[in-house]
>>> print(open('data_38.cif').read())   # mmCIF, C-alpha atoms
data_coords
#
loop_
_atom_site.group_PDB
_atom_site.id
_atom_site.type_symbol
_atom_site.label_atom_id
_atom_site.label_comp_id
_atom_site.auth_asym_id
_atom_site.auth_seq_id
_atom_site.Cartn_x
_atom_site.Cartn_y
_atom_site.Cartn_z
ATOM 1 C CA MET A 1 -19.152 -0.580 10.900
ATOM 2 C CA ASN A 2 -17.356 -3.522 9.381
ATOM 3 C CA ASP A 3 -15.692 -5.294 12.298
ATOM 4 C CA GLY A 4 -16.155 -8.766 10.876
ATOM 5 C CA PRO A 5 -13.298 -10.896 9.549
ATOM 6 C CA VAL A 6 -10.975 -8.827 7.404
ATOM 7 C CA ARG A 7 -8.235 -10.414 5.321
ATOM 8 C CA LEU A 8 -5.149 -8.221 5.456
ATOM 9 C CA SER A 9 -2.462 -9.000 2.908
ATOM 10 C CA CYS A 10 1.161 -7.940 3.002
ATOM 11 C CA THR A 11 3.938 -7.542 0.491
ATOM 12 C CA PRO A 12 5.793 -9.225 -1.095
ATOM 13 C CA ALA A 13 3.629 -12.359 -0.788
ATOM 14 C CA PRO A 14 -0.080 -12.627 -0.005
ATOM 15 C CA CYS A 15 -0.546 -13.141 3.705
ATOM 16 C CA ARG A 16 -2.942 -12.745 6.581
ATOM 17 C CA ALA A 17 -2.123 -10.941 9.786
ATOM 18 C CA SER A 18 -3.690 -12.263 12.946
ATOM 19 C CA ARG A 19 -2.943 -12.880 16.584
ATOM 20 C CA GLY A 20 -0.490 -15.574 17.475
ATOM 21 C CA PRO A 21 -1.231 -18.408 19.876
ATOM 22 C CA ASP A 22 -0.024 -16.263 22.787
ATOM 23 C CA HIS A 23 -1.617 -12.868 22.225
ATOM 24 C CA ARG A 24 0.347 -11.374 25.097
ATOM 25 C CA HIS A 25 3.417 -11.352 22.876
ATOM 26 C CA ARG A 26 1.530 -9.412 20.208
ATOM 27 C CA ARG A 27 3.240 -11.184 17.318
ATOM 28 C CA THR A 28 2.227 -10.622 13.700
ATOM 29 C CA ARG A 29 1.542 -13.891 11.900
ATOM 30 C CA VAL A 30 1.024 -14.603 8.225
ATOM 31 C CA GLU A 31 -0.123 -17.466 6.055
ATOM 32 C CA HIS A 32 1.965 -18.655 3.097
ATOM 33 C CA GLY A 33 0.523 -21.422 0.980
ATOM 34 C CA GLY A 34 -2.016 -22.200 3.687
ATOM 35 C CA ALA A 35 0.575 -22.783 6.445
ATOM 36 C CA ALA A 36 0.749 -20.272 9.269
ATOM 37 C CA GLU A 37 4.204 -18.867 9.873
ATOM 38 C CA ARG A 38 5.672 -15.941 11.736
ATOM 39 C CA ALA A 39 6.947 -13.226 9.442
ATOM 40 C CA PRO A 40 9.797 -12.759 9.277
ATOM 41 C CA GLY A 41 10.308 -15.126 12.216
ATOM 42 C CA ARG A 42 10.452 -12.486 14.921
ATOM 43 C CA PRO A 43 7.969 -10.327 16.856
ATOM 44 C CA VAL A 44 6.963 -6.914 15.536
ATOM 45 C CA LEU A 45 9.511 -4.453 16.887
ATOM 46 C CA ARG A 46 8.024 -1.679 18.966
ATOM 47 C CA HIS A 47 9.838 1.095 17.102
ATOM 48 C CA SER A 48 8.730 -0.157 13.683
ATOM 49 C CA VAL A 49 5.238 -1.427 14.418
ATOM 50 C CA ARG A 50 3.525 1.624 12.930
ATOM 51 C CA ALA A 51 5.471 1.269 9.676
ATOM 52 C CA GLN A 52 4.608 -2.411 9.460
ATOM 53 C CA VAL A 53 0.935 -1.746 10.178
ATOM 54 C CA LEU A 54 0.913 1.024 7.580
ATOM 55 C CA ASP A 55 2.370 -1.331 4.966
ATOM 56 C CA LEU A 56 -0.237 -3.989 5.778
ATOM 57 C CA LEU A 57 -3.114 -1.529 5.547
ATOM 58 C CA ARG A 58 -1.846 -0.039 2.287
ATOM 59 C CA THR A 59 -1.618 -3.504 0.798
ATOM 60 C CA ALA A 60 -5.114 -4.357 2.028
ATOM 61 C CA LEU A 61 -6.436 -1.184 0.394
ATOM 62 C CA ALA A 62 -4.708 -1.851 -2.917
ATOM 63 C CA SER A 63 -5.975 -5.446 -3.003
ATOM 64 C CA GLY A 64 -9.519 -4.484 -2.025
ATOM 65 C CA ASP A 65 -9.400 -6.428 1.257
ATOM 66 C CA LEU A 66 -10.466 -3.200 2.953
ATOM 67 C CA ALA A 67 -13.650 -2.444 1.030
ATOM 68 C CA PRO A 68 -14.550 1.035 -0.248
ATOM 69 C CA GLY A 69 -17.384 2.580 1.752
ATOM 70 C CA GLU A 70 -16.873 0.346 4.783
ATOM 71 C CA VAL A 71 -15.970 1.726 8.209
ATOM 72 C CA TYR A 72 -13.224 0.008 10.204
ATOM 73 C CA SER A 73 -12.365 0.711 13.821
ATOM 74 C CA ALA A 74 -8.762 0.905 14.995
ATOM 75 C CA PRO A 75 -9.317 -1.478 17.943
ATOM 76 C CA ALA A 76 -10.903 -4.135 15.698
ATOM 77 C CA LEU A 77 -8.111 -3.928 13.127
ATOM 78 C CA GLY A 78 -5.526 -3.937 15.888
ATOM 79 C CA GLU A 79 -7.080 -7.111 17.287
ATOM 80 C CA ARG A 80 -6.654 -8.839 13.947
ATOM 81 C CA LEU A 81 -3.095 -7.580 13.517
ATOM 82 C CA GLY A 82 -2.084 -8.504 17.046
ATOM 83 C CA VAL A 83 -1.161 -4.937 17.995
ATOM 84 C CA SER A 84 -2.748 -2.187 20.050
ATOM 85 C CA ALA A 85 -5.147 0.308 18.512
ATOM 86 C CA THR A 86 -2.597 3.128 18.708
ATOM 87 C CA PRO A 87 -0.326 2.193 15.763
ATOM 88 C CA VAL A 88 -3.390 1.307 13.699
ATOM 89 C CA ARG A 89 -4.951 4.683 14.446
ATOM 90 C CA GLU A 90 -1.698 6.462 13.587
ATOM 91 C CA ALA A 91 -1.408 4.537 10.318
ATOM 92 C CA MET A 92 -5.026 5.310 9.455
ATOM 93 C CA GLN A 93 -4.405 9.010 10.108
ATOM 94 C CA ARG A 94 -1.565 8.833 7.600
ATOM 95 C CA LEU A 95 -3.856 7.143 5.086
ATOM 96 C CA ALA A 96 -6.454 9.847 5.718
ATOM 97 C CA ALA A 97 -3.848 12.478 4.817
ATOM 98 C CA GLU A 98 -3.183 10.544 1.598
ATOM 99 C CA GLY A 99 -6.895 10.527 0.768
ATOM 100 C CA ALA A 100 -7.400 6.769 1.066
ATOM 101 C CA VAL A 101 -9.706 6.862 4.093
ATOM 102 C CA GLU A 102 -11.727 9.452 5.957
ATOM 103 C CA VAL A 103 -12.268 9.856 9.668
ATOM 104 C CA VAL A 104 -15.718 8.947 10.991
ATOM 105 C CA PRO A 105 -16.038 10.493 14.485
ATOM 106 C CA ASN A 106 -16.623 7.952 17.253
ATOM 107 C CA ARG A 107 -16.658 5.076 14.767
ATOM 108 C CA GLY A 108 -13.365 4.710 12.983
ATOM 109 C CA PHE A 109 -12.230 5.182 9.407
ATOM 110 C CA ARG A 110 -14.210 4.807 6.180
ATOM 111 C CA VAL A 111 -12.439 3.638 3.041
ATOM 112 C CA VAL A 112 -13.023 6.336 0.436
ATOM 113 C CA ARG A 113 -15.167 5.433 -2.548
ATOM 114 C CA ARG A 114 -13.233 6.351 -5.682
ATOM 115 C CA THR A 115 -14.897 7.272 -8.960
ATOM 116 C CA THR A 116 -13.640 6.774 -12.487
ATOM 117 C CA ARG A 117 -13.517 10.555 -12.876
ATOM 118 C CA GLU A 118 -11.210 10.928 -9.864
ATOM 119 C CA LEU A 119 -8.898 8.271 -11.239
ATOM 120 C CA ALA A 120 -8.916 9.948 -14.658
ATOM 121 C CA GLU A 121 -7.968 13.248 -13.030
ATOM 122 C CA LEU A 122 -5.108 11.589 -11.170
ATOM 123 C CA ALA A 123 -3.922 9.973 -14.410
ATOM 124 C CA GLU A 124 -3.986 13.365 -16.134
ATOM 125 C CA VAL A 125 -1.918 15.011 -13.404
ATOM 126 C CA ARG A 126 0.556 12.119 -13.415
ATOM 127 C CA ALA A 127 0.953 12.422 -17.176
ATOM 128 C CA LEU A 128 1.614 16.169 -16.918
ATOM 129 C CA ILE A 129 4.368 15.526 -14.393
ATOM 130 C CA GLU A 130 5.893 12.233 -15.499
ATOM 131 C CA VAL A 131 5.785 12.266 -19.305
ATOM 132 C CA PRO A 132 8.150 15.245 -19.819
ATOM 133 C CA VAL A 133 10.578 13.684 -17.345
ATOM 134 C CA MET A 134 10.397 10.300 -19.073
ATOM 135 C CA LEU A 135 11.102 11.896 -22.463
ATOM 136 C CA ARG A 136 14.137 13.715 -21.087
ATOM 137 C CA LEU A 137 15.439 10.565 -19.419
ATOM 138 C CA ALA A 138 14.993 8.581 -22.648
ATOM 139 C CA ARG A 139 17.374 10.996 -24.359
ATOM 140 C CA THR A 140 19.976 11.276 -21.616
ATOM 141 C CA VAL A 141 20.159 8.007 -19.661
ATOM 142 C CA GLU A 142 22.477 5.268 -20.890
ATOM 143 C CA ALA A 143 21.028 1.942 -21.993
ATOM 144 C CA ALA A 144 22.811 0.085 -19.203
ATOM 145 C CA ARG A 145 20.864 2.048 -16.584
ATOM 146 C CA TRP A 146 17.577 1.041 -18.218
ATOM 147 C CA ASP A 147 18.662 -2.613 -18.205
ATOM 148 C CA GLU A 148 19.039 -2.409 -14.430
ATOM 149 C CA LEU A 149 15.316 -1.660 -14.175
ATOM 150 C CA ARG A 150 14.254 -4.714 -16.171
ATOM 151 C CA PRO A 151 13.681 -6.964 -13.095
ATOM 152 C CA LEU A 152 11.252 -4.411 -11.649
ATOM 153 C CA ALA A 153 9.338 -4.244 -14.923
ATOM 154 C CA GLU A 154 9.223 -8.030 -15.170
ATOM 155 C CA ALA A 155 7.985 -8.345 -11.583
ATOM 156 C CA THR A 156 5.173 -5.930 -12.385
ATOM 157 C CA ALA A 157 4.182 -7.848 -15.513
ATOM 158 C CA THR A 158 4.236 -11.161 -13.614
ATOM 159 C CA ALA A 159 2.013 -9.818 -10.843
ATOM 160 C CA ALA A 160 -0.437 -8.445 -13.413
ATOM 161 C CA ALA A 161 -0.575 -11.774 -15.241
ATOM 162 C CA ARG A 162 -1.329 -13.586 -11.985
ATOM 163 C CA GLY A 163 -4.021 -11.111 -11.007
ATOM 164 C CA ASP A 164 -2.189 -10.329 -7.774
ATOM 165 C CA ARG A 165 -3.457 -6.815 -7.093
ATOM 166 C CA ALA A 166 -1.395 -6.164 -3.989
ATOM 167 C CA ARG A 167 1.895 -7.299 -5.480
ATOM 168 C CA TYR A 168 1.162 -5.518 -8.760
ATOM 169 C CA ALA A 169 0.472 -2.245 -6.948
ATOM 170 C CA GLU A 170 3.752 -2.436 -5.032
ATOM 171 C CA SER A 171 5.832 -3.595 -8.008
ATOM 172 C CA ASP A 172 4.375 -0.983 -10.325
ATOM 173 C CA ARG A 173 5.019 1.799 -7.825
ATOM 174 C CA ALA A 174 8.576 0.553 -7.246
ATOM 175 C CA PHE A 175 9.248 0.517 -10.997
ATOM 176 C CA HIS A 176 7.962 4.041 -11.574
ATOM 177 C CA ARG A 177 9.836 5.293 -8.539
ATOM 178 C CA ALA A 178 13.089 3.762 -9.791
ATOM 179 C CA VAL A 179 12.632 5.314 -13.228
ATOM 180 C CA LEU A 180 11.857 8.783 -11.909
ATOM 181 C CA ALA A 181 14.745 8.529 -9.450
ATOM 182 C CA LEU A 182 17.057 8.721 -12.481
ATOM 183 C CA ALA A 183 16.087 12.398 -12.739
ATOM 184 C CA GLY A 184 17.753 13.090 -9.401
ATOM 185 C CA ASN A 185 14.892 15.292 -8.194
ATOM 186 C CA ALA A 186 13.737 14.386 -4.678
ATOM 187 C CA GLN A 187 10.705 16.696 -4.800
ATOM 188 C CA LEU A 188 9.540 15.166 -8.082
ATOM 189 C CA LEU A 189 9.920 11.716 -6.572
ATOM 190 C CA ALA A 190 7.834 12.587 -3.503
ATOM 191 C CA VAL A 191 5.000 14.181 -5.510
ATOM 192 C CA ALA A 192 4.906 11.432 -8.144
ATOM 193 C CA ASP A 193 4.982 8.694 -5.499
ATOM 194 C CA ASP A 194 2.034 10.234 -3.670
ATOM 195 C CA LEU A 195 0.014 10.569 -6.886
ATOM 196 C CA HIS A 196 0.839 6.996 -7.884
ATOM 197 C CA ARG A 197 -0.225 5.626 -4.515
ATOM 198 C CA ARG A 198 -3.497 7.580 -4.628
ATOM 199 C CA SER A 199 -4.266 6.190 -8.075
ATOM 200 C CA GLN A 200 -3.957 2.610 -6.804
ATOM 201 C CA TRP A 201 -6.794 2.672 -4.276
ATOM 202 C CA PRO A 202 -9.655 0.528 -5.666
ATOM 203 C CA LEU A 203 -12.913 1.721 -7.121
ATOM 204 C CA ALA A 204 -16.182 1.343 -5.181
ATOM 205 C CA GLY A 205 -16.819 -1.974 -6.899
ATOM 206 C CA GLY A 206 -13.540 -3.355 -5.633
ATOM 207 C CA ARG A 207 -11.800 -3.314 -9.020
ATOM 208 C CA PRO A 208 -8.130 -2.314 -9.122
ATOM 209 C CA ALA A 209 -7.367 1.297 -9.987
#
>>> encode(input="data_38.cif", output="structure tokens")
Amino acid sequence: MNDGPVRLSCTPAPCRASRGPDHRHRRTRVEHGGAAERAPGRPVLRHSVRAQVLDLLRTALASGDLAPGEVYSAPALGERLGVSATPVREAMQRLAAEGAVEVVPNRGFRVVRRTTRELAELAEVRALIEVPVMLRLARTVEAARWDELRPLAEATATAAARGDRARYAESDRAFHRAVLALAGNAQLLAVADDLHRRSQWPLAGGRPA
């Protein structure tokens, strides 16, 4: 079980979650440019703590900070995030449903080892779903609507150029989601978003998907 130091990043900027000086307040802290700061300057709200933990863990998976094949316990991760084990466990259960981790009884959660074949299969399914929609949108959507998406595309390209895996994963998913949203099909959006997220978990060697 990997309960040693784990660097958890969060979006939109690289950061590390850890316990604050007074752990009784259970505040999430981050590091920006080497200086520790509270983000976003307030304690984690009880009603949203699971969502925040889920975002942190997803980012850590996409960046490779949570290593494929390693087992992580909810209490240990909660200690590093400054929260109880419960929201971590709930977030990990969600990630298990998405195929990113698997439950290891009495130990915790193992990050799934992805293979190039699995990623190729996901890419094939995404192409079958997304390409026909993209072609239809290219014929029917006005140019002005496409211009509105330019900042998302540029953010993705910038993150890729900087080698920022976590930010690239989030920006790329946001761009594709915005494009597919033009189709006005909520079911398409949900399926495509799930497939896109699954394709972003890293390979066993830690390389980006």
>>> resolve_selection(input="data_38.cif", expression="the PyMOL selection byres ((chain A and resi 130-135) around 9)", output="list in words")
Val125, Arg126, Ala127, Leu128, Ile129, Arg136, Leu137, Ala138, Arg139, Thr140, Val179, Leu180, Ala183, Leu188 and Ala192 of chain A
>>> resolve_selection(input="data_38.cif", expression="the PyMOL selection byres ((chain A and resi 51) around 12)", output="tab-separated table (two decimals) with C-alpha atoms, in the coordinates of the input")
chain	number	residue	atom	x	y	z
A	44	VAL	CA	6.96	-6.91	15.54
A	45	LEU	CA	9.51	-4.45	16.89
A	46	ARG	CA	8.02	-1.68	18.97
A	47	HIS	CA	9.84	1.10	17.10
A	48	SER	CA	8.73	-0.16	13.68
A	49	VAL	CA	5.24	-1.43	14.42
A	50	ARG	CA	3.52	1.62	12.93
A	52	GLN	CA	4.61	-2.41	9.46
A	53	VAL	CA	0.94	-1.75	10.18
A	54	LEU	CA	0.91	1.02	7.58
A	55	ASP	CA	2.37	-1.33	4.97
A	56	LEU	CA	-0.24	-3.99	5.78
A	57	LEU	CA	-3.11	-1.53	5.55
A	58	ARG	CA	-1.85	-0.04	2.29
A	87	PRO	CA	-0.33	2.19	15.76
A	88	VAL	CA	-3.39	1.31	13.70
A	89	ARG	CA	-4.95	4.68	14.45
A	90	GLU	CA	-1.70	6.46	13.59
A	91	ALA	CA	-1.41	4.54	10.32
A	92	MET	CA	-5.03	5.31	9.46
A	94	ARG	CA	-1.56	8.83	7.60
A	95	LEU	CA	-3.86	7.14	5.09
>>> atom_distance(input="data_38.cif", atom1="atom CA of A:Gly82", atom2="atom CA of A:Ala169")
24.9 Å
>>> atom_distance(input="data_38.cif", atom1="atom CA of A:Ala76", atom2="atom CA of A:Arg113")
21.0 Å
>>> residues_around(input="data_38.cif", residues="A:His196", least_positions_apart="5", cutoff="10 Å", atoms="only C-alpha atoms", output="PDB file with C-alpha atoms, in the frame of the given file")
ATOM      1  CA  LEU A 122      -5.108  11.589 -11.170  1.00  0.00           C
ATOM      2  CA  ALA A 123      -3.922   9.973 -14.410  1.00  0.00           C
ATOM      3  CA  ARG A 126       0.556  12.119 -13.415  1.00  0.00           C
ATOM      4  CA  ALA A 169       0.472  -2.245  -6.948  1.00  0.00           C
ATOM      5  CA  ASP A 172       4.375  -0.983 -10.325  1.00  0.00           C
ATOM      6  CA  ARG A 173       5.019   1.799  -7.825  1.00  0.00           C
ATOM      7  CA  HIS A 176       7.962   4.041 -11.574  1.00  0.00           C
ATOM      8  CA  ARG A 177       9.836   5.293  -8.539  1.00  0.00           C
ATOM      9  CA  ALA A 190       7.834  12.587  -3.503  1.00  0.00           C
ATOM     10  CA  VAL A 191       5.000  14.181  -5.510  1.00  0.00           C
ATOM     11  CA  TRP A 201      -6.794   2.672  -4.276  1.00  0.00           C
TER      12      TRP A 201
END
>>> closest_residue(input="data_38.cif", among="A:Val104, A:Ala160, A:Ala181, A:Ala97", to="A:Tyr72", atoms="only C-alpha atoms")
A:Val104
>>> atom_distance(input="data_38.cif", atom1="atom CA of A:Ala74", atom2="atom CA of A:Gly99")
17.3 Å
>>> closest_residue(input="data_38.cif", among="A:Ser84, A:Ser171, A:Thr115, A:Ser73", to="A:Leu152", atoms="all atoms listed in the file")
A:Ser171
>>> closest_residue(input="data_38.cif", among="A:Thr116, A:Thr86, A:Gln93, A:Gln200", to="A:Arg165", atoms="all atoms listed in the file")
A:Gln200
>>> closest_residue(input="data_38.cif", among="A:Gly108, A:Ala62, A:Ala100, A:Asp194", to="A:Pro75", atoms="all atoms listed in the file")
A:Gly108
